[in-house]
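So this one's coords_20.tsv, TSV, C-alpha atoms:
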chain	number	residue	atom	x	y	z
A	1474	MET	CA	87.28	137.89	147.63
A	1475	LYS	CA	83.52	137.77	148.15
A	1476	LYS	CA	81.12	138.27	145.27
A	1477	LEU	CA	78.25	140.73	145.55
A	1478	LEU	CA	74.67	139.58	145.06
A	1479	SER	CA	72.00	142.20	144.33
A	1480	VAL	CA	68.42	141.32	145.26
A	1481	VAL	CA	65.94	143.32	143.17
A	1482	VAL	CA	62.38	143.46	144.54
A	1483	PRO	CA	59.63	145.31	142.60
A	1484	CYS	CA	56.91	146.39	145.05
A	1485	TYR	CA	53.37	147.65	144.56
A	1486	ASN	CA	51.14	147.81	147.63
A	1487	GLU	CA	53.24	145.27	149.52
A	1488	CYS	CA	53.33	146.84	152.99
A	1489	GLU	CA	51.80	143.69	154.53
A	1490	ALA	CA	54.30	141.33	152.91
A	1491	LEU	CA	57.55	143.30	153.40
A	1492	PRO	CA	57.94	142.56	157.15
A	1493	TYR	CA	58.00	138.84	156.25
A	1494	PHE	CA	60.14	139.12	153.12
A	1495	TYR	CA	63.42	140.53	154.39
A	1496	PRO	CA	63.84	138.16	157.41
A	1497	ALA	CA	63.02	135.13	155.25
A	1498	VAL	CA	65.44	136.02	152.44
A	1499	SER	CA	68.28	137.27	154.63
A	1500	LYS	CA	68.14	134.09	156.71
A	1501	VAL	CA	68.67	131.96	153.59
A	1502	LEU	CA	71.40	134.17	152.13
A	1503	ARG	CA	73.39	134.11	155.38
A	1504	SER	CA	73.94	130.42	154.65
A	1505	ILE	CA	76.07	131.39	151.62
A	1506	PRO	CA	79.31	132.59	153.25
A	1507	ASP	CA	81.11	133.71	150.08
A	1508	LEU	CA	78.48	136.32	149.18
A	1509	ASP	CA	77.92	139.92	150.19
A	1510	VAL	CA	74.34	141.03	149.65
A	1511	GLU	CA	72.60	144.29	148.75
A	1512	TYR	CA	68.86	144.81	148.41
A	1513	TRP	CA	67.10	147.13	145.98
A	1514	PHE	CA	63.39	147.58	146.67
A	1515	ILE	CA	61.52	149.45	143.92
A	1516	ASP	CA	58.32	151.12	145.09
A	1517	ASP	CA	56.18	151.38	141.98
A	1518	GLY	CA	53.96	154.25	143.17
A	1519	SER	CA	52.24	152.21	145.88
A	1520	GLN	CA	49.00	153.53	147.38
A	1521	ASP	CA	49.50	151.94	150.82
A	1522	ASN	CA	52.32	152.19	153.39
A	1523	THR	CA	54.91	150.35	151.31
A	1524	LEU	CA	57.26	153.35	151.28
A	1525	THR	CA	57.02	153.65	155.08
A	1526	GLU	CA	58.05	150.01	155.44
A	1527	LEU	CA	60.95	150.50	153.03
A	1528	ARG	CA	62.19	153.51	155.00
A	1529	LYS	CA	62.15	151.40	158.17
A	1530	LEU	CA	64.18	148.66	156.50
A	1531	HIS	CA	66.70	151.18	155.19
A	1532	ASP	CA	67.04	152.91	158.57
A	1533	ASN	CA	67.73	149.58	160.28
A	1534	CYS	CA	70.36	148.55	157.75
A	1535	PRO	CA	71.40	151.57	155.63
A	1536	ASP	CA	74.54	149.99	154.15
A	1537	ASN	CA	72.97	147.19	152.16
A	1538	ILE	CA	69.22	147.95	151.99
A	1539	HIS	CA	68.26	150.55	149.41
A	1540	TYR	CA	65.00	151.67	147.88
A	1541	ILE	CA	63.75	153.65	144.92
A	1542	THR	CA	60.27	155.11	144.80
A	1543	PHE	CA	58.59	156.27	141.59
A	1544	SER	CA	56.64	159.48	141.11
A	1545	ARG	CA	53.64	157.33	140.11
A	1546	ASN	CA	52.78	153.78	139.11
A	1547	PHE	CA	54.79	152.91	135.99
A	1548	GLY	CA	54.18	149.15	136.10
A	1549	LYS	CA	56.18	146.13	137.20
A	1550	GLU	CA	58.27	146.07	134.04
A	1551	ALA	CA	59.53	149.60	134.72
A	1552	ALA	CA	60.24	148.69	138.35
A	1553	LEU	CA	62.19	145.62	137.30
A	1554	TYR	CA	64.23	147.67	134.82
A	1555	ALA	CA	64.98	150.32	137.45
A	1556	GLY	CA	66.15	147.65	139.87
A	1557	LEU	CA	68.47	146.08	137.33
A	1558	GLN	CA	69.92	149.51	136.55
A	1559	ALA	CA	70.56	150.22	140.22
A	1560	ALA	CA	72.02	146.80	141.06
A	1561	ASN	CA	75.80	146.68	141.46
A	1562	GLY	CA	76.20	142.95	142.03
A	1563	ASP	CA	78.28	140.36	140.24
A	1564	TYR	CA	75.03	138.38	140.38
A	1565	VAL	CA	71.50	139.76	140.37
A	1566	VAL	CA	68.35	137.99	141.49
A	1567	VAL	CA	64.82	139.27	140.84
A	1568	MET	CA	62.15	138.34	143.40
A	1569	ASP	CA	58.59	139.28	144.30
A	1570	ALA	CA	57.95	140.67	147.77
A	1571	ASP	CA	55.04	138.32	148.49
A	1572	LEU	CA	57.30	135.25	149.01
A	1573	GLN	CA	55.63	133.37	146.16
A	1574	ASP	CA	59.22	133.03	144.94
A	1575	PRO	CA	60.68	130.54	147.48
A	1576	PRO	CA	63.88	131.92	149.07
A	1577	SER	CA	64.97	128.35	149.77
A	1578	MET	CA	65.94	128.03	146.10
A	1579	LEU	CA	68.55	130.79	146.28
A	1580	PRO	CA	71.56	128.64	147.33
A	1581	THR	CA	70.90	126.19	144.50
A	1582	MET	CA	70.54	129.02	141.99
A	1583	TYR	CA	73.80	130.58	143.14
A	1584	GLN	CA	75.68	127.27	143.00
A	1585	TYR	CA	74.75	126.74	139.34
A	1586	LEU	CA	76.09	130.22	138.46
A	1587	ALA	CA	79.18	129.91	140.64
A	1588	ASP	CA	80.12	126.67	138.87
A	1589	GLY	CA	80.25	128.65	135.63
A	1590	GLU	CA	78.09	126.29	133.63
A	1591	TYR	CA	75.13	128.67	133.36
A	1592	ASP	CA	74.62	132.41	132.99
A	1593	CYS	CA	71.09	132.41	134.37
A	1594	VAL	CA	69.01	130.20	136.63
A	1595	GLY	CA	65.29	130.76	136.20
A	1596	THR	CA	62.27	129.21	137.86
A	1597	ARG	CA	58.98	127.88	136.58
A	1598	ARG	CA	55.82	126.76	138.33
A	1599	VAL	CA	54.65	123.27	137.55
A	1600	ASP	CA	51.13	123.93	138.83
A	1601	ARG	CA	48.83	126.83	139.72
A	1602	LYS	CA	47.21	125.45	142.85
A	1603	GLY	CA	45.25	128.14	144.65
A	1604	GLU	CA	44.63	130.28	141.55
A	1605	ALA	CA	41.32	130.73	139.73
A	1606	LYS	CA	40.86	128.05	137.08
A	1607	PHE	CA	39.87	130.59	134.42
A	1608	LYS	CA	43.01	132.64	135.06
A	1609	SER	CA	45.14	129.49	134.86
A	1610	PHE	CA	43.44	128.52	131.59
A	1611	LEU	CA	44.17	131.93	130.06
A	1612	SER	CA	47.79	131.74	131.19
A	1613	ASN	CA	48.29	128.30	129.65
A	1614	MET	CA	46.67	129.44	126.40
A	1615	PHE	CA	48.96	132.47	126.27
A	1616	TYR	CA	52.09	130.33	126.39
A	1617	LYS	CA	50.73	128.00	123.72
A	1618	VAL	CA	49.81	130.88	121.40
A	1619	ILE	CA	52.98	132.95	121.79
A	1620	ASN	CA	55.25	129.93	121.27
A	1621	LYS	CA	53.38	129.15	118.05
A	1622	ILE	CA	53.68	132.63	116.57
A	1623	SER	CA	56.98	133.93	117.99
A	1624	ASN	CA	60.57	133.07	117.15
A	1625	THR	CA	61.51	133.76	120.78
A	1626	ALA	CA	60.68	130.77	122.96
A	1627	ILE	CA	58.85	131.62	126.18
A	1628	VAL	CA	59.10	128.84	128.74
A	1629	PRO	CA	55.60	127.90	130.01
A	1630	GLY	CA	55.14	128.76	133.68
A	1631	ALA	CA	58.39	130.76	133.78
A	1632	ARG	CA	58.60	133.38	136.52
A	1633	ASP	CA	60.55	136.62	136.69
A	1634	TYR	CA	62.26	135.00	139.69
A	1635	ARG	CA	65.75	134.30	138.38
A	1636	MET	CA	69.40	134.84	139.19
A	1637	MET	CA	71.68	136.20	136.48
A	1638	THR	CA	75.35	136.96	135.95
A	1639	ARG	CA	76.46	140.55	135.44
A	1640	GLN	CA	77.07	139.84	131.75
A	1641	MET	CA	73.45	138.81	131.20
A	1642	VAL	CA	72.11	141.73	133.24
A	1643	ASP	CA	74.10	144.15	131.10
A	1644	ALA	CA	72.67	142.52	127.98
A	1645	VAL	CA	69.12	142.96	129.31
A	1646	LEU	CA	69.81	146.61	130.18
A	1647	SER	CA	71.10	147.23	126.65
A	1648	MET	CA	67.53	146.71	125.42
A	1649	THR	CA	66.09	150.14	126.17
A	1650	GLU	CA	62.64	149.76	124.60
A	1651	CYS	CA	59.88	151.47	126.57
A	1652	ASN	CA	57.37	148.66	125.93
A	1653	ARG	CA	59.00	145.91	127.95
A	1654	PHE	CA	58.08	142.25	128.30
A	1655	SER	CA	60.80	140.81	130.50
A	1656	LYS	CA	59.97	137.14	130.01
A	1657	GLY	CA	60.57	137.64	126.30
A	1658	ILE	CA	63.65	139.83	126.82
A	1659	PHE	CA	65.28	137.25	129.11
A	1660	SER	CA	64.82	134.63	126.40
A	1661	TRP	CA	65.77	136.90	123.51
A	1662	VAL	CA	69.19	137.88	124.88
A	1663	GLY	CA	70.11	134.20	125.02
A	1664	PHE	CA	72.83	132.91	127.40
A	1665	ARG	CA	72.82	129.50	129.01
A	1666	THR	CA	69.79	129.19	131.26
A	1667	LYS	CA	68.85	126.49	133.74
A	1668	TYR	CA	65.22	126.25	134.91
A	1669	LEU	CA	64.24	124.94	138.33
A	1670	ASP	CA	60.70	123.62	138.84
A	1671	TYR	CA	58.63	124.26	141.93
A	1672	HIS	CA	55.01	124.04	143.06
A	1673	ASN	CA	52.91	127.15	143.40
A	1674	VAL	CA	53.24	129.02	146.69
A	1675	GLU	CA	50.48	131.30	147.93
A	1676	ARG	CA	51.16	134.87	149.01
A	1677	VAL	CA	52.42	135.32	152.54
A	1678	ALA	CA	50.21	138.41	153.05
A	1679	GLY	CA	48.13	140.93	151.12
A	1680	LYS	CA	46.44	140.29	147.80
A	1681	SER	CA	47.55	140.28	144.19
A	1682	ASP	CA	46.97	143.36	142.04
A	1683	TRP	CA	47.07	141.24	138.87
A	1684	SER	CA	43.46	141.05	137.69
A	1685	THR	CA	42.34	139.01	134.69
A	1686	ARG	CA	42.15	142.25	132.71
A	1687	SER	CA	45.72	143.19	133.68
A	1688	LEU	CA	47.01	139.76	132.73
A	1689	PHE	CA	45.19	139.92	129.38
A	1690	LYS	CA	46.74	143.31	128.65
A	1691	TYR	CA	50.14	141.96	129.66
A	1692	ALA	CA	49.68	139.01	127.29
A	1693	ILE	CA	48.77	141.32	124.38
A	1694	ASN	CA	51.91	143.35	125.07
A	1695	GLY	CA	53.99	140.18	125.03
A	1696	ILE	CA	52.54	139.06	121.70
A	1697	THR	CA	52.97	142.43	119.98
A	1698	ASP	CA	56.51	142.82	121.38
A	1699	PHE	CA	57.78	139.45	120.20
A	1700	SER	CA	55.67	138.45	117.22
A	1701	GLU	CA	54.66	139.90	113.86
A	1702	ALA	CA	52.07	137.17	113.37
A	1703	PRO	CA	49.06	139.46	114.06
A	1704	LEU	CA	50.14	141.64	111.12
A	1705	SER	CA	50.38	138.56	108.91
A	1706	ILE	CA	46.92	137.50	110.06
A	1707	ALA	CA	45.60	140.92	109.05
A	1708	VAL	CA	47.13	140.50	105.58
A	1709	TRP	CA	45.58	137.07	105.10
A	1710	LEU	CA	42.21	138.26	106.36
A	1711	GLY	CA	42.37	141.11	103.87
A	1712	LEU	CA	43.20	138.73	101.02
A	1713	ALA	CA	40.41	136.35	102.04
A	1714	ALA	CA	37.91	139.20	102.24
A	1715	ALA	CA	38.99	140.51	98.84
A	1716	PHE	CA	38.65	137.02	97.32
A	1717	LEU	CA	35.17	136.58	98.79
A	1718	SER	CA	34.20	140.01	97.51
A	1719	ILE	CA	35.28	139.10	93.96
A	1720	LEU	CA	33.25	135.89	94.16
A	1721	GLY	CA	30.28	137.92	95.38
A	1722	ILE	CA	30.60	140.37	92.49
A	1723	ILE	CA	30.82	137.52	89.96
A	1724	PHE	CA	27.77	135.89	91.51
A	1725	VAL	CA	25.73	139.12	91.36
A	1726	VAL	CA	26.71	139.83	87.72
A	1727	VAL	CA	26.01	136.27	86.53
A	1728	ARG	CA	22.68	136.17	88.35
A	1729	HIS	CA	21.69	139.50	86.81
A	1730	PHE	CA	22.19	138.15	83.28
A	1731	ILE	CA	20.45	134.87	84.05
A	1732	ASP	CA	17.49	136.46	85.79
A	1733	PRO	CA	17.41	140.28	85.47
A	1734	HIS	CA	14.39	140.55	87.80
A	1735	SER	CA	16.20	138.87	90.70
A	1736	SER	CA	18.49	141.86	91.35
A	1737	VAL	CA	15.84	143.56	93.47
A	1738	PHE	CA	16.15	140.71	95.89
A	1739	GLY	CA	19.32	139.89	97.81
A	1740	TRP	CA	19.54	143.03	99.92
A	1741	ALA	CA	20.11	140.84	103.00
A	1742	SER	CA	23.10	139.11	101.43
A	1743	MET	CA	24.48	142.47	100.28
A	1744	VAL	CA	24.20	143.90	103.78
A	1745	SER	CA	25.88	140.79	105.20
A	1746	ILE	CA	28.78	141.15	102.78
A	1747	ILE	CA	29.20	144.83	103.65
A	1748	LEU	CA	29.15	144.10	107.36
A	1749	MET	CA	31.64	141.27	106.94
A	1750	LEU	CA	34.06	143.40	104.93
A	1751	GLY	CA	33.66	146.31	107.34
A	1752	GLY	CA	34.40	144.04	110.30
A	1753	VAL	CA	37.50	142.59	108.65
A	1754	GLN	CA	38.76	146.07	107.77
A	1755	LEU	CA	38.26	147.34	111.30
A	1756	LEU	CA	40.01	144.27	112.73
A	1757	CYS	CA	43.00	144.76	110.45
A	1758	LEU	CA	43.15	148.47	111.24
A	1759	GLY	CA	43.01	147.68	114.94
A	1760	ILE	CA	45.92	145.23	114.68
A	1761	MET	CA	48.03	147.67	112.68
A	1762	GLY	CA	47.04	150.48	115.02
A	1763	LYS	CA	48.35	148.50	117.99
A	1764	TYR	CA	51.79	148.22	116.39
A	1765	VAL	CA	51.78	151.85	115.25
A	1766	SER	CA	50.89	153.00	118.77
A	1767	ARG	CA	53.92	151.16	120.14
A	1768	ILE	CA	56.15	152.84	117.55
A	1769	TYR	CA	54.59	156.18	118.52
A	1770	LEU	CA	55.39	155.64	122.20
A	1771	GLN	CA	58.93	154.49	121.44
A	1772	VAL	CA	59.90	157.44	119.23
A	1773	LYS	CA	58.83	159.90	121.92
A	1774	HIS	CA	61.85	158.75	123.96
A	1775	ARG	CA	60.07	159.32	127.24
A	1776	PRO	CA	61.81	157.87	130.32
A	1777	ILE	CA	60.66	154.41	131.35
A	1778	TYR	CA	60.21	155.67	134.91
A	1779	ILE	CA	60.70	158.80	137.03
A	1780	ILE	CA	62.35	158.60	140.46
A	1781	LYS	CA	60.85	160.57	143.34
A	1782	GLU	CA	63.11	159.28	146.11
A	1783	LYS	CA	66.19	157.07	146.21
A	1784	LYS	CA	68.27	155.87	149.15

Written as structure tokens, that's how I'd like the structure from this file.
Amino acid sequence: MKKLLSVVVPCYNECEALPYFYPAVSKVLRSIPDLDVEYWFIDDGSQDNTLTELRKLHDNCPDNIHYITFSRNFGKEAALYAGLQAANGDYVVVMDADLQDPPSMLPTMYQYLADGEYDCVGTRRVDRKGEAKFKSFLSNMFYKVINKISNTAIVPGARDYRMMTRQMVDAVLSMTECNRFSKGIFSWVGFRTKYLDYHNVERVAGKSDWSTRSLFKYAINGITDFSEAPLSIAVWLGLAAAFLSILGIIFVVVRHFIDPHSSVFGWASMVSIILMLGGVQLLCLGIMGKYVSRIYLQVKHRPIYIIKEKK
């Protein structure tokens, strides 16, 4: 009996890439005779003609090509979660629509899972050729920082492009937090994972919507989701500031008794101390506020996404 493979494809403004994606992926998957395939395209509130392209794909092959469109842009993490929820396959693979995830790797990924040795086959880029050097630098620094401060190991260069067994997909879906960082979730749930290396592939069409600002925000979310280190840093900064303040007080008192007339001087140092303490306090409040805001969003129990159309 054939196994079912679900292909989950989050899409945001990918109308130019979609006509290339489906023929390229379906051609590769036809080479795996013991698999039936279904596709789930998740339109994350695109502003272009992505939905029109998805309707065309569905009309041409309504039995195994499906799509979900959101009421607005909820983010890639929400789209990925929606796709995993909709997928019915014994195996599920997550891919980007821009063909930066090479379809040629799919048979190898499937073979590792079919052999039963692994529960997940992920991919990681060994270089970032074609990307801005500053963006690559920030990405490399993110992996170094988060692996220093988090108990959950994040593989450097790891992509969302991965194939998983149904057991692992169910484990990922059991984590219903609204603030999602899938790279961390995939690692946190465990299971035996094999990583395949590949060189960076440029987009087949269109342009990336991931700006440096978006990537920085994504990195902050990853750190706050999988590390308490920023809170510990705030505690140590507070202790250091308090210690320096005590030393400052001792210095002022001792100097007053040694030279009573010197107390009129030193206003610059006093202002500097006040500014330093104020800055440390604001930094600590900001760090704690970031965590509190995530608790606030979680306890609201709002849906991770809202579906406008599904076929």

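The gap separating atom CA of A:Ile1706 from atom CA of A:Leu1755 is 13.2 Å, in Å to one decimal.
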
Of A:Ala1644, A:Val1501, A:Ile1780, A:Met1761, the one sitting nearest A:Phe1659 when using all atoms listed in the file is A:Ala1644

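One distance worth recording is that between atom CA of A:Lys1529 and atom CA of A:Ala1570, which is 15.5 Å.
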
Within 8 Å of A:Glu1511, counting only C-alpha atoms, which residues show up once you throw out same-chain ones fewer than 4 positions away? Write them as an MDAnalysis selection string, please.
chainID A and resid 1477:1480 1537:1539 1562

Ranking A:Gly1518, A:Pro1492, A:Pro1580, A:Gly1556 by minimum distance to A:Ser1544 and counting only C-alpha atoms, which one comes first?
A:Gly1518

Taking only C-alpha atoms into account, which of A:Ala1626, A:Val1510, A:Ala1587, A:Met1636 comes nearest A:Ile1658?
A:Ala1626

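Counting all atoms listed in the file and comparing A:Tyr1540, A:Tyr1485, A:Tyr1668, A:Tyr1512, the residue that lies closest to A:Met1582 is A:Tyr1668.
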
Taking 4 positions as the minimum chain separation for residues in the same chain, which residues sit within 12 Å of A:Pro1575 when counting only C-alpha atoms? Answer as a ChimeraX atom specification.
/A:1494,1497-1498,1501,1567-1571,1579-1582,1596-1598,1632,1634-1635,1669-1677

Just the selected residues (C-alpha atoms), exported as a JSON list (two decimals), in the coordinates of the input, please.
[["chain", "number", "residue", "atom", "x", "y", "z"],
["A", 1494, "PHE", "CA", 60.14, 139.12, 153.12],
["A", 1497, "ALA", "CA", 63.02, 135.13, 155.25],
["A", 1498, "VAL", "CA", 65.44, 136.02, 152.44],
["A", 1501, "VAL", "CA", 68.67, 131.96, 153.59],
["A", 1567, "VAL", "CA", 64.82, 139.27, 140.84],
["A", 1568, "MET", "CA", 62.15, 138.34, 143.40],
["A", 1569, "ASP", "CA", 58.59, 139.28, 144.30],
["A", 1570, "ALA", "CA", 57.95, 140.67, 147.77],
["A", 1571, "ASP", "CA", 55.04, 138.32, 148.49],
["A", 1579, "LEU", "CA", 68.55, 130.79, 146.28],
["A", 1580, "PRO", "CA", 71.56, 128.64, 147.33],
["A", 1581, "THR", "CA", 70.90, 126.19, 144.50],
["A", 1582, "MET", "CA", 70.54, 129.02, 141.99],
["A", 1596, "THR", "CA", 62.27, 129.21, 137.86],
["A", 1597, "ARG", "CA", 58.98, 127.88, 136.58],
["A", 1598, "ARG", "CA", 55.82, 126.76, 138.33],
["A", 1632, "ARG", "CA", 58.60, 133.38, 136.52],
["A", 1634, "TYR", "CA", 62.26, 135.00, 139.69],
["A", 1635, "ARG", "CA", 65.75, 134.30, 138.38],
["A", 1669, "LEU", "CA", 64.24, 124.94, 138.33],
["A", 1670, "ASP", "CA", 60.70, 123.62, 138.84],
["A", 1671, "TYR", "CA", 58.63, 124.26, 141.93],
["A", 1672, "HIS", "CA", 55.01, 124.04, 143.06],
["A", 1673, "ASN", "CA", 52.91, 127.15, 143.40],
["A", 1674, "VAL", "CA", 53.24, 129.02, 146.69],
["A", 1675, "GLU", "CA", 50.48, 131.30, 147.93],
["A", 1676, "ARG", "CA", 51.16, 134.87, 149.01],
["A", 1677, "VAL", "CA", 52.42, 135.32, 152.54]]

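For the residues A:Ser1519, A:Gln1573, A:Gln1640, A:Ser1655, ranking by smallest atom-to-atom distance to A:Leu1553 using all atoms listed in the file places A:Ser1655 first.
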
As a check of understanding: the span from atom CA of A:Glu1782 to atom CA of A:Tyr1564 is 24.7 Å
